[in-house]
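Here the structure is laid out as structure tokens; the discussion comes afterwards.
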Amino acid sequence: MHAAAHDSPHRAALKDYVRKTFAPTVLVLPTAPAEAITRKSDLSFIDLLRPCSKVDTSSVHVNTTRDAGYRIPELFLHFVADNEVEHKPEEFVEIIVDSVVKSSADEAKRSVSQIRNKEDAAKELADMGSDRNLIPWFTEYRTEFVRGLRFSDHEYFDHPLAVILVAASDEEDVVVKFTSLFARDALPGLYREGVMDPNLLKHYVLLHDNTLDAEAAQKAEATLRLCRDTFGAGACSLIRVNSNQGGRAPVDIWTPCRPHVAGDAPASAPRGALMSQEDRDGVSRFVADFSVSALVPHMDKRIRSLNQAVTAVR
């Protein structure tokens with residue numbers, strides 16, 4: 001029987017946490033006009049991608065450093081915006097983590113019965129049951145603690161391996177816009193400071209607003225051909241959105257995938273009103289194709305190159 005069948009719920013939860021936490025990071029850089037398209041549905045472009053972060057990569061064949069072939073059943077991706085690529089000061093992280101502990105302690109005091117003697121303690125333990133979580137605070141504490149370590153100068157799990165550059169399909173001089181998005185001065189500070197490697201896998205996305213007319217749709221196709229001639233056919237994609245015009249409002253799959261930020265107000269209405277099922281499927285296909293055709297092969301090539309460099313200096 002497969003080993004996974006013997007996993008306890010806690011072990012399975014830990015495996016799931018590790019896969020999701022230590023996953024490849026992809027930087028997303030959209031132009032302002034591209035963001036304006038998704039804002040019609042109260043979304044950012046990166047919001048579109050996050051529900052698709054789990055990708056079936058079982059069809060991809062990769063090799064170990066000893067040239068033994070294997071397959072990656074699935075892959076989780078981290079999509080990050082430019083304003084997320086920063087290392088938070090240690091003092092700030094301590095304040096956040098301490099607030100989690102304090103909040104959990106206050107909640108625990110309200111949920112635990114007063115224990116005055118051994119009999120009270122025995123009764124409390126008996127009432128807990130084997131499934132009761134004795135450390136309900138730990139998950140949030142772990143999340144905030146690991147988040148505080150992101151993009152620091154001593155860890156590289158969150159350093160982006162690729163960048164998705166996004167422009168609206170009706171923008172003028174799109175090739176120039178794409179180039180300026182990844183200009184050194186436009187990148188997050190950790191790139192300008194030399195902490196992060198700017199040699200990333202690049203993928204170029206044209207975002208088309210389906211509320212526009214047929215002429216705009218034809219222009220989008222022409223612009224896609226221009227981009228493919230410039231950057232390579234496999235490095236460019238066209239995504240169409242905002243097709244749900246007057247139809248039934250979709251289920252909001254985007255809000256639960258947004259990173260929690262202290263002070264964020266809850267959405268006043270479900271997001272994604274203009275996103276049709278076809279739009280959602282198109283975004284999912286894009287993420288899957290990008291992962292299988294570009295990202296995983298890029299990671300495989302990079303690991304093999306690093307291994308060769310390390311082996312050469314031993």
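Identifiers in the structure tokens: chain A, B, ... in order shown; residue index from 1 per chain; ligand index from 1 in order shown.
Excluding stretch 162-164 of chain A itself and same-chain residues fewer than 2 positions from it, the residues having an atom within 8 Å of it are Thr25, Val26, Leu27, Val28, Leu29, Pro160, Val166, Leu200, Leu201, Lys202, His203, Tyr204, Val205 and Leu295 of chain A, counting only C-alpha atoms.
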Resulting file, chosen residues, N, CA, C and O atoms, as a PDB file, in the first residue's frame:
ATOM      1  N   THR A  25       8.277  30.901  -6.371  1.00  0.00           N
ATOM      2  CA  THR A  25       7.684  32.237  -6.337  1.00  0.00           C
ATOM      3  C   THR A  25       7.777  32.879  -7.714  1.00  0.00           C
ATOM      4  O   THR A  25       8.810  32.811  -8.382  1.00  0.00           O
ATOM      5  N   VAL A  26       6.671  33.500  -8.136  1.00  0.00           N
ATOM      6  CA  VAL A  26       6.611  34.175  -9.435  1.00  0.00           C
ATOM      7  C   VAL A  26       6.214  35.627  -9.192  1.00  0.00           C
ATOM      8  O   VAL A  26       5.175  35.916  -8.592  1.00  0.00           O
ATOM      9  N   LEU A  27       7.048  36.545  -9.662  1.00  0.00           N
ATOM     10  CA  LEU A  27       6.768  37.976  -9.555  1.00  0.00           C
ATOM     11  C   LEU A  27       5.807  38.397 -10.662  1.00  0.00           C
ATOM     12  O   LEU A  27       5.943  37.954 -11.803  1.00  0.00           O
ATOM     13  N   VAL A  28       4.830  39.228 -10.326  1.00  0.00           N
ATOM     14  CA  VAL A  28       3.835  39.687 -11.294  1.00  0.00           C
ATOM     15  C   VAL A  28       3.906  41.213 -11.392  1.00  0.00           C
ATOM     16  O   VAL A  28       3.724  41.909 -10.391  1.00  0.00           O
ATOM     17  N   LEU A  29       4.175  41.709 -12.609  1.00  0.00           N
ATOM     18  CA  LEU A  29       4.322  43.148 -12.819  1.00  0.00           C
ATOM     19  C   LEU A  29       3.372  43.616 -13.922  1.00  0.00           C
ATOM     20  O   LEU A  29       3.648  43.441 -15.118  1.00  0.00           O
ATOM     21  N   PRO A 160      11.963  35.196  -6.317  1.00  0.00           N
ATOM     22  CA  PRO A 160      11.260  34.792  -7.543  1.00  0.00           C
ATOM     23  C   PRO A 160      12.165  34.093  -8.542  1.00  0.00           C
ATOM     24  O   PRO A 160      13.327  34.458  -8.731  1.00  0.00           O
ATOM     25  N   VAL A 166       2.678  42.104 -17.573  1.00  0.00           N
ATOM     26  CA  VAL A 166       1.303  42.189 -18.076  1.00  0.00           C
ATOM     27  C   VAL A 166       1.027  43.597 -18.608  1.00  0.00           C
ATOM     28  O   VAL A 166       1.289  44.591 -17.927  1.00  0.00           O
ATOM     29  N   LEU A 200      15.623  36.411 -14.447  1.00  0.00           N
ATOM     30  CA  LEU A 200      14.439  35.587 -14.256  1.00  0.00           C
ATOM     31  C   LEU A 200      13.882  35.097 -15.586  1.00  0.00           C
ATOM     32  O   LEU A 200      14.096  35.713 -16.634  1.00  0.00           O
ATOM     33  N   LEU A 201      13.150  33.991 -15.519  1.00  0.00           N
ATOM     34  CA  LEU A 201      12.362  33.570 -16.665  1.00  0.00           C
ATOM     35  C   LEU A 201      11.258  34.600 -16.866  1.00  0.00           C
ATOM     36  O   LEU A 201      10.529  34.931 -15.938  1.00  0.00           O
ATOM     37  N   LYS A 202      11.116  35.113 -18.085  1.00  0.00           N
ATOM     38  CA  LYS A 202      10.120  36.157 -18.354  1.00  0.00           C
ATOM     39  C   LYS A 202       9.002  35.612 -19.231  1.00  0.00           C
ATOM     40  O   LYS A 202       9.252  34.900 -20.210  1.00  0.00           O
ATOM     41  N   HIS A 203       7.780  35.966 -18.856  1.00  0.00           N
ATOM     42  CA  HIS A 203       6.623  35.637 -19.685  1.00  0.00           C
ATOM     43  C   HIS A 203       5.781  36.893 -19.845  1.00  0.00           C
ATOM     44  O   HIS A 203       5.536  37.614 -18.878  1.00  0.00           O
ATOM     45  N   TYR A 204       5.337  37.138 -21.083  1.00  0.00           N
ATOM     46  CA  TYR A 204       4.648  38.378 -21.425  1.00  0.00           C
ATOM     47  C   TYR A 204       3.163  38.086 -21.691  1.00  0.00           C
ATOM     48  O   TYR A 204       2.830  37.236 -22.519  1.00  0.00           O
ATOM     49  N   VAL A 205       2.307  38.812 -20.989  1.00  0.00           N
ATOM     50  CA  VAL A 205       0.861  38.589 -21.091  1.00  0.00           C
ATOM     51  C   VAL A 205       0.175  39.844 -21.610  1.00  0.00           C
ATOM     52  O   VAL A 205       0.374  40.946 -21.069  1.00  0.00           O
ATOM     53  N   LEU A 295       7.939  27.158 -16.653  1.00  0.00           N
ATOM     54  CA  LEU A 295       8.515  27.276 -15.311  1.00  0.00           C
ATOM     55  C   LEU A 295       9.250  26.017 -14.858  1.00  0.00           C
ATOM     56  O   LEU A 295      10.406  26.087 -14.419  1.00  0.00           O
TER      57      LEU A 295
END
Note to self: Residues within 12 Å of A:Val18, please, as a VMD selection string. Count only C-alpha atoms; anything in the same chain fewer than 3 positions from it doesn't count.
What the structure shows: chain A and resid 11 to 15 21 to 24 75 to 76 142 to 143 146 157
Note to self: Need the shell around A:Leu238: protein/DNA/RNA residues with any atom at most 9 Å away, counting only C-alpha atoms. Skip same-chain ones fewer than 5 positions apart. Format as a ChimeraX atom specification?
What the structure shows: /A:169,204-208,220-221,224,286
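Among the candidates A:Arg150, A:Arg304, A:Arg285, A:Lys177, the one nearest to A:Val55 when counting only C-alpha atoms is A:Arg285.
For the residues A:Asp120, A:Asp185, A:Asp42, A:Asp300, ranking by smallest atom-to-atom distance to A:Val62 using only C-alpha atoms places A:Asp300 first.
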